[in-house]
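Right, one structure below, let's go through it.
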Amino acid sequence: MIRRRATLAALAAMLPATARAQAAWPAKPIRLIVPYGPGGSADQVARLYAERLSVALGQQIIVEDKPGASGGVGAQMVATSAPDGYTFLLAPTAIMAITPGVRKTPYNPDDLVAVCRLSTPILTVTITNALGAKTWQEFVALAKQNPGKFWFGSSGLGTITHLTGEVLTRAAGIQMQHTPYKTIVDATGDIFDGRIQMVFDPSFAPYAKSGKVRMVLTDGPARLADFPDVPTAREVGLDLKGFRDRSWFGLFAPKGLSPDIAKRVSDEVARIAAEPSMKEKLLLVAQYAHHQSTAQFAQQVADDKAFFANLIKELDIKLE
């Protein structure tokens with residue numbers, strides 16, 4: 001028996017250090033980098049999943065907001081981190097499927113790998129109360145009376161909220177100018193005061209519920225339960241190019257992450273996303289729980305890269 005134990009110990013000692021570390025994963029707290037500022041949709045989704053994953057994995061998930069360069073600062077931090085399972089990136093469509101295809105970024109997207117999808121933002125069109133418009137149709141009428149004088153805000157050049165504005169205004173036949181913000185939270189005061197007239201980020205849904213802004217349109221298969229009087233884009237005859245399914249938040253990791261760790265995280269996310277309580281919490285921040293496995297999500301990212309490259313070319317959208 002003593003000889004058997006000694007043999008097993010010797011074999012364990014021969015294993016590479018990385019293999020022993022992965023077998024014990026996670027052995028310490030895990031960083032979850034959000035490449036935007038606190039309070040926005042990405043931060044909200046990150047904190048909801050971090051709370052539940054901390055319990056599931058037995059180690060604290062520490063959310064760190066690292067805004068800058070339209071998400072590029074946070075993405076670069078993760079892309080250049082060790083692929084040991086202790087640093088992850090929560091990224092939206094823009095960082096992995098839009099921006100890299102049209103301009104130089106501070107990070108190399110090939111240095112990041114998909115782990116799993118977390119959610120699908122509910123696209124909402126929110127306008128300032130300063131205009132006095134009550135409906136989408138009233139807003140469009142005002143915009144047509146003031147071509148080029150209204151502004152829509154986004155979380156940065158090449159983000160899904162930026163492209164939503166470009167597609168939406170063209171589909172509606174109105175001319176608006178674009179104001180990119182460092183984070184969408186920075187647009188809050190401007191839309192409250194009427195310095196900009198429209199935003200698309202779902203994090204403004206609570207403000208719409210409290211009456212500080214007005215939601216006039218959503219893009220989904222049906223109206224939202226919390227906003228039963230707000231029509232969908234389809235109901236008002238607008239084609240938003242299937243943005244709902246192509247807008248996502250997902251987990252990414254440095255290239256070289258162990259497939260076993262990726263599967264463990266994806267499996268835990270799948271269980272969490274299926275919980276009724278999690279679905280309810282995500283709906284409160286205008287998100288649908290939407291899990292995709294590592295392979296499924298990697299294919300989604302690849303498909304969306306091609307889709308948005310074609311869309312940007314078709315609409316001649318300038319992202320520089």
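Going through the structure tokens in order, the chains are called A, B, and so on, while each chain numbers its residues from 1 and the ligands are numbered from 1 in the order shown.
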| task | From the DSSP assignment of the backbone, select every residue of range 100-316 of chain A that is strand (DSSP E), and format the answer as a PyMOL selection string. | result | chain A and resi 112-121+123-128+150-154+176-180+198-199+213-219+249-254+287-292
Would you mind listing, for every residue of range 117-156 of chain A within 12 Å of range 278-283 of chain A, the two atoms forming the shortest contact and the distance between them in Å to one decimal, using only C-alpha atoms, sorted by chain and ascending residue number, as a tab-separated table?
```
residue	atom	partner	partner_atom	distance
A:Leu118	CA	A:Leu282	CA	10.1
A:Ser119	CA	A:Leu282	CA	8.2
A:Thr120	CA	A:Leu282	CA	9.6
A:Pro121	CA	A:Leu283	CA	9.1
A:Ile122	CA	A:Leu283	CA	8.6
```
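The coordinates place CA of Ala82 in chain A at 23.0 Å from CA of Lys104 in chain A.
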| request: Output as a PyMOL selection string all residues of range 125-273 of chain A that backbone DSSP marks as helix (DSSP H, G or I). | output: chain A and resi 129-131+136-145+160-172+184-193+202-210+243-246+259-273
| request: Using only C-alpha atoms, determine which residues lie at most 12 Å from Ile174 in chain A, disregarding the query and same-chain residues fewer than 2 positions distant; provide the list as a list in words. | output: Gln137, Phe139, Val140, Ala141, Leu142, Ala143, Lys144, Gln145, Asn146, Pro147, Gly148, Lys149, Phe150, Trp151, Phe152, Gly165, Glu166, Val167, Leu168, Thr169, Arg170, Ala171, Ala172, Met176 and Gln177 of chain A
| Between CA of Thr232 in chain A and CA of Ile127 in chain A, distance in Å (one decimal) | 15.2 Å
